[in-house]
$ cat coords.csv   # CSV, C-alpha atoms
chain,number,residue,atom,x,y,z
A,1,MET,CA,-28.5,104.4,41.9
A,2,ARG,CA,-28.7,107.8,40.4
A,3,TRP,CA,-25.1,107.7,39.3
A,4,LEU,CA,-25.5,104.2,37.8
A,5,ALA,CA,-28.5,105.3,35.6
A,6,SER,CA,-26.5,108.3,34.4
A,7,ALA,CA,-23.6,106.0,33.4
A,8,VAL,CA,-25.9,103.7,31.5
A,9,PHE,CA,-27.4,106.7,29.6
A,10,VAL,CA,-24.0,108.0,28.6
A,11,LEU,CA,-22.9,104.6,27.3
A,12,ALA,CA,-26.1,104.3,25.3
A,13,VAL,CA,-25.7,107.7,23.7
A,14,ALA,CA,-22.1,106.9,22.9
A,15,GLY,CA,-23.1,103.6,21.3
A,16,CYS,CA,-25.7,105.3,19.1
A,17,SER,CA,-23.2,108.0,18.1
A,18,ASN,CA,-20.7,105.3,17.0
A,19,LYS,CA,-23.4,103.5,15.0
A,20,LEU,CA,-24.4,106.7,13.2
A,21,ALA,CA,-20.8,107.4,12.5
A,22,ASP,CA,-20.3,104.0,11.0
A,23,ASN,CA,-23.4,104.4,8.7
A,24,ALA,CA,-22.2,107.8,7.6
A,25,GLY,CA,-18.8,106.3,6.8
A,26,ASP,CA,-20.5,103.6,4.7
A,27,ALA,CA,-22.6,106.1,2.7
A,28,SER,CA,-19.6,108.3,2.0
A,29,ALA,CA,-17.7,105.2,0.6
A,30,ARG,CA,-20.4,104.6,-2.1
A,31,ALA,CA,-20.3,106.3,-5.5
A,32,GLU,CA,-23.4,108.3,-6.3
A,33,VAL,CA,-24.6,107.3,-9.8
A,34,THR,CA,-27.6,107.3,-12.1
A,35,LEU,CA,-28.8,104.2,-14.0
A,36,THR,CA,-30.1,103.3,-17.3
A,37,ARG,CA,-31.0,99.9,-19.0
A,38,ILE,CA,-29.8,97.9,-21.9
A,39,VAL,CA,-32.5,97.6,-24.5
A,40,ARG,CA,-33.0,96.1,-27.9
A,41,ALA,CA,-33.6,98.6,-30.8
A,42,ASP,CA,-32.9,99.1,-34.5
A,43,ILE,CA,-29.7,101.1,-35.0
A,44,SER,CA,-28.3,102.5,-38.2
A,45,GLU,CA,-24.9,103.8,-39.3
A,46,THR,CA,-25.3,107.0,-41.2
A,47,LEU,CA,-23.3,109.0,-43.7
A,48,SER,CA,-23.5,112.8,-43.7
A,49,LEU,CA,-23.6,114.5,-47.1
A,50,THR,CA,-23.6,118.3,-47.7
A,51,GLY,CA,-24.3,120.6,-50.6
A,52,THR,CA,-26.2,123.7,-51.7
A,53,ALA,CA,-29.8,123.7,-52.7
A,54,ALA,CA,-30.7,124.2,-56.4
A,55,ALA,CA,-33.7,123.7,-58.5
A,56,PRO,CA,-34.2,120.2,-60.0
A,57,PRO,CA,-33.2,119.7,-63.7
A,58,ASN,CA,-35.4,121.7,-66.0
A,59,GLY,CA,-36.7,123.6,-62.9
A,60,ASP,CA,-34.5,126.6,-63.3
A,61,VAL,CA,-34.7,128.6,-66.5
A,62,ARG,CA,-33.0,131.8,-67.6
A,63,VAL,CA,-35.5,133.4,-70.0
A,64,SER,CA,-34.0,135.3,-73.0
A,65,ALA,CA,-35.6,137.1,-75.9
A,66,LEU,CA,-35.7,135.2,-79.2
A,67,VAL,CA,-35.5,138.5,-81.2
A,68,SER,CA,-33.5,141.6,-80.7
A,69,GLY,CA,-35.1,144.9,-79.5
A,70,ARG,CA,-35.6,147.4,-76.8
A,71,ILE,CA,-37.4,146.4,-73.5
A,72,ALA,CA,-40.7,148.2,-73.6
A,73,ALA,CA,-42.2,146.7,-70.4
A,74,LEU,CA,-41.0,144.4,-67.6
A,75,THR,CA,-43.9,143.1,-65.6
A,76,VAL,CA,-42.2,141.0,-62.9
A,77,ALA,CA,-39.6,141.4,-60.2
A,78,GLU,CA,-37.7,139.1,-57.8
A,79,GLY,CA,-39.9,137.0,-55.7
A,80,ASP,CA,-43.0,137.2,-57.9
A,81,SER,CA,-44.8,134.0,-58.7
A,82,VAL,CA,-45.4,133.3,-62.3
A,83,GLU,CA,-47.2,130.6,-64.4
A,84,ALA,CA,-46.2,128.9,-67.6
A,85,GLY,CA,-47.2,131.2,-70.5
A,86,GLN,CA,-47.4,134.3,-68.4
A,87,ILE,CA,-45.9,137.4,-70.0
A,88,LEU,CA,-42.7,138.5,-68.2
A,89,ALA,CA,-41.6,141.4,-70.5
A,90,LYS,CA,-42.4,143.1,-73.8
A,91,LEU,CA,-40.1,144.3,-76.6
A,92,ASP,CA,-40.9,147.3,-78.7
A,93,ASP,CA,-42.5,145.5,-81.7
A,94,ARG,CA,-43.2,148.4,-84.1
A,95,SER,CA,-40.5,147.4,-86.6
A,96,TYR,CA,-41.7,143.8,-86.5
A,97,ARG,CA,-45.3,144.8,-87.1
A,98,ASP,CA,-44.2,146.8,-90.2
A,99,GLN,CA,-42.5,143.7,-91.5
A,100,LEU,CA,-45.8,141.8,-90.8
A,101,GLN,CA,-47.8,144.2,-92.9
A,102,GLN,CA,-45.3,143.9,-95.7
A,103,ALA,CA,-45.5,140.1,-95.5
A,104,GLU,CA,-49.3,140.2,-95.5
A,105,ALA,CA,-49.3,142.4,-98.7
A,106,ALA,CA,-46.8,140.1,-100.4
A,107,ALA,CA,-49.0,137.1,-99.5
A,108,GLN,CA,-52.1,138.9,-101.0
A,109,GLN,CA,-50.2,139.7,-104.2
A,110,ALA,CA,-49.0,136.1,-104.5
A,111,LYS,CA,-52.5,134.8,-104.0
A,112,ALA,CA,-53.8,137.1,-106.7
A,113,ASN,CA,-51.0,136.0,-109.1
A,114,LEU,CA,-51.8,132.3,-108.4
A,115,ASP,CA,-55.6,132.9,-109.0
A,116,ASN,CA,-54.7,134.6,-112.3
A,117,ALA,CA,-52.3,131.8,-113.4
A,118,ARG,CA,-55.0,129.2,-112.7
A,119,LEU,CA,-57.5,131.0,-114.8
A,120,THR,CA,-55.0,131.3,-117.6
A,121,ARG,CA,-54.2,127.6,-117.5
A,122,THR,CA,-57.9,126.7,-117.4
A,123,ARG,CA,-58.7,128.9,-120.4
A,124,ASN,CA,-55.7,127.6,-122.4
A,125,GLU,CA,-56.7,124.0,-121.7
A,126,ASP,CA,-60.2,124.7,-123.1
A,127,LEU,CA,-58.8,126.5,-126.2
A,128,PHE,CA,-56.3,123.7,-126.7
A,129,GLN,CA,-59.1,121.2,-126.8
A,130,ARG,CA,-60.9,123.3,-129.4
A,131,GLY,CA,-57.7,123.5,-131.4
A,132,ILE,CA,-57.4,127.3,-131.1
A,133,VAL,CA,-54.0,127.5,-129.2
A,134,ALA,CA,-50.9,125.5,-129.6
A,135,ARG,CA,-49.6,123.0,-127.0
A,136,LYS,CA,-46.7,125.4,-126.2
A,137,ASP,CA,-49.1,128.0,-125.0
A,138,LEU,CA,-50.8,125.4,-122.7
A,139,GLU,CA,-47.5,124.3,-121.3
A,140,ASP,CA,-46.4,127.9,-120.6
A,141,ALA,CA,-49.7,128.5,-118.7
A,142,ARG,CA,-49.1,125.4,-116.6
A,143,THR,CA,-45.6,126.6,-115.9
A,144,GLN,CA,-46.8,130.0,-114.8
A,145,GLU,CA,-49.3,128.4,-112.5
A,146,SER,CA,-46.5,126.3,-110.9
A,147,VAL,CA,-44.4,129.4,-110.4
A,148,ALA,CA,-47.3,131.3,-108.9
A,149,THR,CA,-48.0,128.3,-106.5
A,150,ALA,CA,-44.4,128.3,-105.3
A,151,ALA,CA,-44.5,132.1,-104.8
A,152,MET,CA,-47.7,131.7,-102.8
A,153,GLN,CA,-46.0,129.1,-100.6
A,154,GLN,CA,-43.0,131.3,-100.1
A,155,SER,CA,-45.0,134.3,-99.2
A,156,GLY,CA,-47.1,132.2,-96.8
A,157,ALA,CA,-43.9,131.1,-95.0
A,158,ALA,CA,-42.7,134.7,-94.9
A,159,LEU,CA,-46.0,135.8,-93.4
A,160,GLU,CA,-45.8,133.1,-90.7
A,161,LEU,CA,-42.3,134.1,-89.8
A,162,ALA,CA,-43.3,137.7,-89.5
A,163,ARG,CA,-46.2,136.8,-87.2
A,164,LEU,CA,-43.8,134.7,-85.1
A,165,GLN,CA,-41.4,137.6,-84.8
A,166,VAL,CA,-44.2,139.8,-83.5
A,167,ALA,CA,-45.3,137.1,-81.1
A,168,ARG,CA,-41.7,136.7,-79.9
A,169,CYS,CA,-41.8,140.3,-78.7
A,170,ASP,CA,-43.8,139.0,-75.8
A,171,ILE,CA,-41.4,137.2,-73.4
A,172,VAL,CA,-43.2,134.5,-71.6
A,173,SER,CA,-42.3,132.1,-68.8
A,174,PRO,CA,-41.8,128.5,-69.9
A,175,ILE,CA,-42.5,127.1,-66.4
A,176,ASN,CA,-44.4,127.7,-63.2
A,177,GLY,CA,-42.2,129.1,-60.6
A,178,ILE,CA,-40.8,132.2,-58.8
A,179,VAL,CA,-38.7,135.0,-60.4
A,180,ALA,CA,-35.3,134.4,-58.9
A,181,LYS,CA,-33.5,137.3,-60.6
A,182,ARG,CA,-34.1,140.1,-63.1
A,183,PHE,CA,-31.2,141.0,-65.4
A,184,VAL,CA,-32.4,144.0,-67.3
A,185,SER,CA,-34.6,147.1,-66.9
A,186,VAL,CA,-37.1,148.9,-69.2
A,187,GLY,CA,-35.4,150.7,-72.0
A,188,GLU,CA,-32.4,148.4,-72.3
A,189,GLN,CA,-31.5,146.8,-75.6
A,190,VAL,CA,-31.3,143.0,-75.9
A,191,ASP,CA,-29.7,141.1,-78.7
A,192,GLY,CA,-32.1,138.1,-78.8
A,193,SER,CA,-29.5,135.5,-77.7
A,194,ALA,CA,-29.2,133.2,-74.7
A,195,ALA,CA,-26.1,135.2,-73.6
A,196,GLN,CA,-28.3,138.0,-72.5
A,197,PRO,CA,-31.1,136.7,-70.3
A,198,ILE,CA,-33.9,138.9,-69.1
A,199,VAL,CA,-35.2,137.0,-66.0
A,200,GLU,CA,-34.5,133.8,-64.2
A,201,VAL,CA,-37.5,131.6,-63.1
A,202,ALA,CA,-37.1,128.7,-60.8
A,203,ASN,CA,-39.6,126.1,-59.7
A,204,LEU,CA,-38.8,125.3,-56.1
A,205,ARG,CA,-41.6,123.0,-55.1
A,206,GLU,CA,-38.7,120.6,-54.8
A,207,VAL,CA,-35.0,121.4,-54.4
A,208,GLU,CA,-32.1,119.2,-55.2
A,209,PHE,CA,-28.4,119.0,-54.2
A,210,LEU,CA,-25.4,117.0,-55.0
A,211,GLY,CA,-23.4,115.2,-52.2
A,212,ASN,CA,-20.0,113.6,-52.6
A,213,ALA,CA,-19.9,110.1,-51.1
A,214,PRO,CA,-16.8,107.9,-50.7
A,215,ALA,CA,-16.8,105.1,-53.3
A,216,MET,CA,-17.0,102.4,-50.5
A,217,TYR,CA,-20.5,103.7,-49.5
A,218,LEU,CA,-22.0,104.1,-53.0
A,219,ALA,CA,-23.1,100.5,-53.2
A,220,LYS,CA,-24.9,100.8,-49.8
A,221,MET,CA,-27.2,103.4,-51.1
A,222,HIS,CA,-30.1,103.2,-53.7
A,223,ALA,CA,-32.5,105.4,-55.5
A,224,GLY,CA,-35.6,106.1,-53.5
A,225,GLN,CA,-33.8,105.7,-50.1
A,226,PRO,CA,-35.3,108.1,-47.5
A,227,VAL,CA,-33.0,110.9,-46.3
A,228,GLU,CA,-33.2,113.4,-43.4
A,229,VAL,CA,-32.1,116.9,-44.5
A,230,THR,CA,-31.4,119.9,-42.3
A,231,THR,CA,-30.3,123.4,-42.9
A,232,GLU,CA,-29.1,126.3,-40.7
A,233,SER,CA,-31.6,128.5,-42.6
A,234,ALA,CA,-34.5,126.6,-40.9
A,235,PRO,CA,-33.2,125.7,-37.4
A,236,GLY,CA,-34.9,122.7,-35.8
A,237,LYS,CA,-36.7,121.7,-39.0
A,238,VAL,CA,-36.1,118.3,-40.5
A,239,PHE,CA,-37.0,117.8,-44.1
A,240,GLN,CA,-37.8,114.3,-45.5
A,241,GLY,CA,-36.0,113.9,-48.8
A,242,ARG,CA,-34.9,110.9,-50.9
A,243,VAL,CA,-32.0,109.8,-53.1
A,244,VAL,CA,-33.0,110.2,-56.7
A,245,ALA,CA,-29.8,109.0,-58.4
A,246,ILE,CA,-26.3,107.8,-57.7
A,247,SER,CA,-23.5,108.5,-60.2
A,248,PRO,CA,-22.1,105.4,-62.0
A,249,ALA,CA,-18.7,107.1,-62.0
A,250,VAL,CA,-16.1,107.9,-59.3
A,251,ASP,CA,-13.6,110.7,-59.5
A,252,PRO,CA,-10.3,108.9,-59.6
A,253,ALA,CA,-8.5,111.9,-58.0
A,254,THR,CA,-10.8,112.1,-54.9
A,255,GLY,CA,-12.4,108.6,-54.8
A,256,VAL,CA,-15.9,110.0,-54.4
A,257,GLY,CA,-19.1,109.8,-56.4
A,258,LEU,CA,-22.0,112.1,-56.7
A,259,VAL,CA,-25.4,111.4,-55.0
A,260,ARG,CA,-28.4,113.4,-56.1
A,261,ILE,CA,-30.8,114.1,-53.2
A,262,ARG,CA,-34.2,115.7,-53.8
A,263,VAL,CA,-36.2,117.4,-51.0
A,264,PRO,CA,-39.9,118.4,-51.2
A,265,ASN,CA,-40.3,122.1,-50.5
A,266,PRO,CA,-44.0,122.9,-50.5
A,267,ASN,CA,-43.8,125.8,-48.1
A,268,GLY,CA,-40.8,127.4,-49.8
A,269,LEU,CA,-38.6,127.3,-46.7
A,270,LEU,CA,-35.6,126.1,-48.8
A,271,ARG,CA,-34.1,128.7,-51.1
A,272,MET,CA,-31.6,128.3,-53.9
A,273,GLY,CA,-28.0,128.5,-52.6
A,274,VAL,CA,-28.7,127.5,-48.9
A,275,PHE,CA,-26.4,125.0,-47.3
A,276,LEU,CA,-28.0,121.6,-46.8
A,277,SER,CA,-26.9,118.5,-44.8
A,278,ALA,CA,-28.3,115.0,-45.3
A,279,GLN,CA,-28.1,112.0,-43.1
A,280,ILE,CA,-28.2,108.7,-45.1
A,281,ALA,CA,-28.5,105.3,-43.4
A,282,ILE,CA,-25.9,103.0,-45.0
A,283,ASP,CA,-26.1,100.1,-42.6
A,284,THR,CA,-28.9,99.0,-40.2
A,285,HIS,CA,-28.9,96.4,-37.5
A,286,ALA,CA,-32.4,95.3,-36.4
A,287,HIS,CA,-33.2,94.4,-32.8
A,288,ALA,CA,-29.6,95.1,-31.6
A,289,LEU,CA,-28.5,95.3,-28.0
A,290,THR,CA,-28.0,99.0,-27.3
A,291,VAL,CA,-27.3,101.4,-24.5
A,292,ALA,CA,-26.9,105.2,-24.1
A,293,PRO,CA,-23.4,106.4,-25.2
A,294,GLU,CA,-22.8,107.9,-21.7
A,295,ALA,CA,-23.0,104.5,-20.2
A,296,VAL,CA,-19.8,103.3,-22.0
A,297,TYR,CA,-16.6,104.0,-20.1
A,298,ARG,CA,-12.9,103.4,-20.9
A,299,ASP,CA,-10.4,101.6,-18.8
A,300,GLN,CA,-6.7,102.6,-18.5
A,301,GLU,CA,-5.9,100.9,-21.8
A,302,GLY,CA,-8.8,102.7,-23.5
A,303,GLN,CA,-10.9,99.6,-23.9
A,304,PRO,CA,-14.7,100.1,-23.6
A,305,ARG,CA,-16.6,98.7,-20.7
A,306,ILE,CA,-19.9,99.2,-18.9
A,307,PHE,CA,-20.8,98.8,-15.2
A,308,VAL,CA,-23.6,96.3,-14.6
A,309,VAL,CA,-25.5,97.0,-11.4
A,310,ASN,CA,-26.8,94.5,-8.9
A,311,GLN,CA,-28.6,96.1,-6.0
A,312,ASP,CA,-25.9,98.4,-4.4
A,313,SER,CA,-22.9,97.1,-6.3
A,314,ALA,CA,-21.5,97.6,-9.8
A,315,THR,CA,-19.2,95.3,-11.8
A,316,ALA,CA,-17.2,96.4,-14.8
A,317,VAL,CA,-17.9,94.3,-17.9
A,318,PRO,CA,-15.7,94.7,-21.0
A,319,VAL,CA,-17.8,95.1,-24.2
A,320,LYS,CA,-17.3,95.4,-27.9
A,321,LEU,CA,-19.0,98.2,-29.7
A,322,GLY,CA,-20.8,98.1,-33.0
A,323,ILE,CA,-22.7,101.0,-34.7
A,324,GLN,CA,-22.5,104.2,-32.7
A,325,THR,CA,-24.9,107.2,-32.9
A,326,LYS,CA,-25.6,110.2,-30.8
A,327,GLU,CA,-28.5,108.4,-29.1
A,328,ARG,CA,-27.5,104.8,-28.8
A,329,VAL,CA,-24.4,102.5,-29.0
A,330,GLU,CA,-24.6,98.9,-30.2
A,331,LEU,CA,-23.1,96.2,-27.8
A,332,LEU,CA,-21.8,93.3,-29.8
A,333,GLY,CA,-21.7,89.7,-28.5
A,334,GLY,CA,-25.1,89.6,-26.8
A,335,ASP,CA,-25.4,87.4,-23.7
A,336,SER,CA,-21.9,85.9,-24.3
A,337,SER,CA,-20.4,89.3,-23.5
A,338,GLY,CA,-21.8,89.2,-20.0
A,339,VAL,CA,-24.6,91.7,-20.6
A,340,LYS,CA,-28.2,91.1,-21.6
A,341,GLU,CA,-31.3,93.0,-22.4
A,342,GLY,CA,-32.8,94.6,-19.3
A,343,ASP,CA,-29.6,94.9,-17.3
A,344,SER,CA,-29.3,98.0,-15.2
A,345,VAL,CA,-26.0,99.8,-15.9
A,346,ILE,CA,-24.4,103.0,-14.6
A,347,LEU,CA,-25.3,106.0,-16.8
A,348,THR,CA,-23.4,108.8,-15.0
A,349,GLY,CA,-21.0,108.7,-12.1
A,350,GLY,CA,-18.9,105.7,-13.3
A,351,TYR,CA,-15.6,107.6,-13.9
A,352,GLY,CA,-12.9,106.5,-11.5
A,353,LEU,CA,-14.6,103.3,-10.4
A,354,GLY,CA,-12.7,100.1,-10.1
A,355,ASP,CA,-13.7,96.7,-11.4
A,356,LYS,CA,-16.1,96.4,-8.5
A,357,ALA,CA,-17.6,99.2,-6.5
A,358,ARG,CA,-20.4,100.0,-4.0
A,359,ILE,CA,-22.9,102.5,-5.3
A,360,GLN,CA,-25.9,104.5,-4.4
A,361,THR,CA,-28.3,105.9,-6.9
A,362,ARG,CA,-29.7,109.3,-7.2
A,363,PRO,CA,-32.9,110.4,-9.0
A,364,GLN,CA,-32.6,110.9,-12.8
A,365,SER,CA,-34.6,111.9,-15.8
A,366,ASN,CA,-35.9,109.1,-18.0
A,367,GLN,CA,-33.4,107.7,-20.5
$ encode --input "coords.csv" --output "structure tokens"
Amino acid sequence: MRWLASAVFVLAVAGCSNKLADNAGDASARAEVTLTRIVRADISETLSLTGTAAAPPNGDVRVSALVSGRIAALTVAEGDSVEAGQILAKLDDRSYRDQLQQAEAAAQQAKANLDNARLTRTRNEDLFQRGIVARKDLEDARTQESVATAAMQQSGAALELARLQVARCDIVSPINGIVAKRFVSVGEQVDGSAAQPIVEVANLREVEFLGNAPAMYLAKMHAGQPVEVTTESAPGKVFQGRVVAISPAVDPATGVGLVRIRVPNPNGLLRMGVFLSAQIAIDTHAHALTVAPEAVYRDQEGQPRIFVVNQDSATAVPVKLGIQTKERVELLGGDSSGVKEGDSVILTGGYGLGDKARIQTRPQSNQ
């Protein structure tokens, strides 16, 4: 009896070992995968445009002197904030003040001559009425008054010009902004022309850049359209800009047209000359059937397919792709393609699987 019990025990152990071996073989035959689901979402095709940041039109001014002279003072430097009307530099104005004094003296003399001519004309009119002077004397007095009036007006214009020349020795900023560049130093001579600027002032509360878009996409964009803008100078930061204008002309040589994009810059993170990249939505499909890009595989002919999961098995389903982004891929055809919203599909681990395969899932992060 003792040998019979031992034999039964050995057979039982052998049977258990064979069953465990079979289960282990089954597990090893299954592909280990992670899953995701097909969901409906809005998806957009985007166009990438690049350019360099600049101040908007009339937001970048190179300030020059309007009269020639030597720089007597320069009150700003690069990076300084300035306001419209603030003095940026001063010219040596001594020669212009001398001219102003001469103009003031000439104006006083002209006024005195006019006053005298008026008195003479009034007196001759009275004498003519009394028959004491001839008409010719009266006409001569009136002519002298007219000449003196013209001389007075001329001297007044010369006086205003002299005052203006003195005022122009103070170089002021025409806009609010920041000094982007200084071109001269104290003691240098300027010629009073736009060819010799003193400082450059830029208002960068908003920046703008021009992007070149293929002609086929221009009709798909419109003024006011929101744009996401990024730059390597501010890693991880996304700026919300907008399209302000689209060129009505296309370069016949390149087939592209200009798109003006403006970006608010209240914190001054964007500086003139930095490289900007904009993503513009040119086509949007609402409530589309979508899946993560990693869930789309290719067969031997390169055709896209996904693996729809039912319990512990996966079946390859050919699909047609629509709009594709980094986050989602559109599946065209809806239910008629063999996939539907909510289906579980293989996310990772699907490479090398046949049309049908047994699988086992492993934990994954949320998709």
$ atom_distance --input "coords.csv" --atom1 "atom CA of A:Val186" --atom2 "atom CA of A:Asp170"
13.7 Å
$ residues_around --input "coords.csv" --residues "A:Thr231" --least-positions-apart "5" --cutoff "9 Å" --atoms "only C-alpha atoms" --output "list in words"
Gly236, Lys237, Val238, Phe239, Leu270, Val274, Phe275, Leu276, Ser277 and Ala278 of chain A
$ closest_residue --input "coords.csv" --among "A:Gln240, A:Asn176, A:Thr325, A:Gln165" --to "A:Val61" --atoms "all atoms listed in the file"
A:Asn176
$ atom_distance --input "coords.csv" --atom1 "atom CA of A:Gln109" --atom2 "atom CA of A:Ala162"
16.4 Å
$ atom_distance --input "coords.csv" --atom1 "atom CA of A:Leu347" --atom2 "atom CA of A:Val291"
9.2 Å
$ closest_residue --input "coords.csv" --among "A:Val172, A:Ile178, A:Ala110, A:Ala151" --to "A:Val82" --atoms "only C-alpha atoms"
A:Ile178
$ closest_residue --input "coords.csv" --among "A:Lys111, A:Arg163, A:Arg205, A:Arg358" --to "A:Gln311" --atoms "only C-alpha atoms"
A:Arg358
$ residues_around --input "coords.csv" --residues "A:Ala158" --least-positions-apart "2" --cutoff "12 Å" --atoms "all atoms listed in the file" --output "list in words"
Gln99, Leu100, Gln101, Gln102, Ala103, Glu104, Ala105, Ala106, Ala107, Gln108, Ala110, Ala151, Met152, Gln153, Gln154, Ser155, Gly156, Glu160, Leu161, Ala162, Arg163, Leu164 and Gln165 of chain A
$ residues_around --input "coords.csv" --residues "A:Val256" --least-positions-apart "3" --cutoff "9 Å" --atoms "only C-alpha atoms" --output "list in words"
Asn212, Ala213, Pro214, Ala215, Met216, Leu218, Ala249, Val250, Asp251, Pro252 and Ala253 of chain A
$ residues_around --input "coords.csv" --residues "A:Glu32" --least-positions-apart "3" --cutoff "8 Å" --atoms "only C-alpha atoms" --output "MDAnalysis selection string"
chainID A and resid 349 359:362
$ closest_residue --input "coords.csv" --among "A:Ile346, A:Ala77, A:Val63, A:Leu258" --to "A:Val199" --atoms "all atoms listed in the file"
A:Val63
$ residues_around --input "coords.csv" --residues "A:Gly342" --least-positions-apart "4" --cutoff "9 Å" --atoms "all atoms listed in the file" --output "list of chain:residue names"
A:Arg37, A:Ile38, A:Val39, A:Arg40
$ closest_residue --input "coords.csv" --among "A:Leu88, A:Leu47, A:Ala234, A:Ala54" --to "A:Gly273" --atoms "only C-alpha atoms"
A:Ala54
$ closest_residue --input "coords.csv" --among "A:Gly131, A:Gly211, A:Pro248, A:Gly69" --to "A:Val166" --atoms "all atoms listed in the file"
A:Gly69
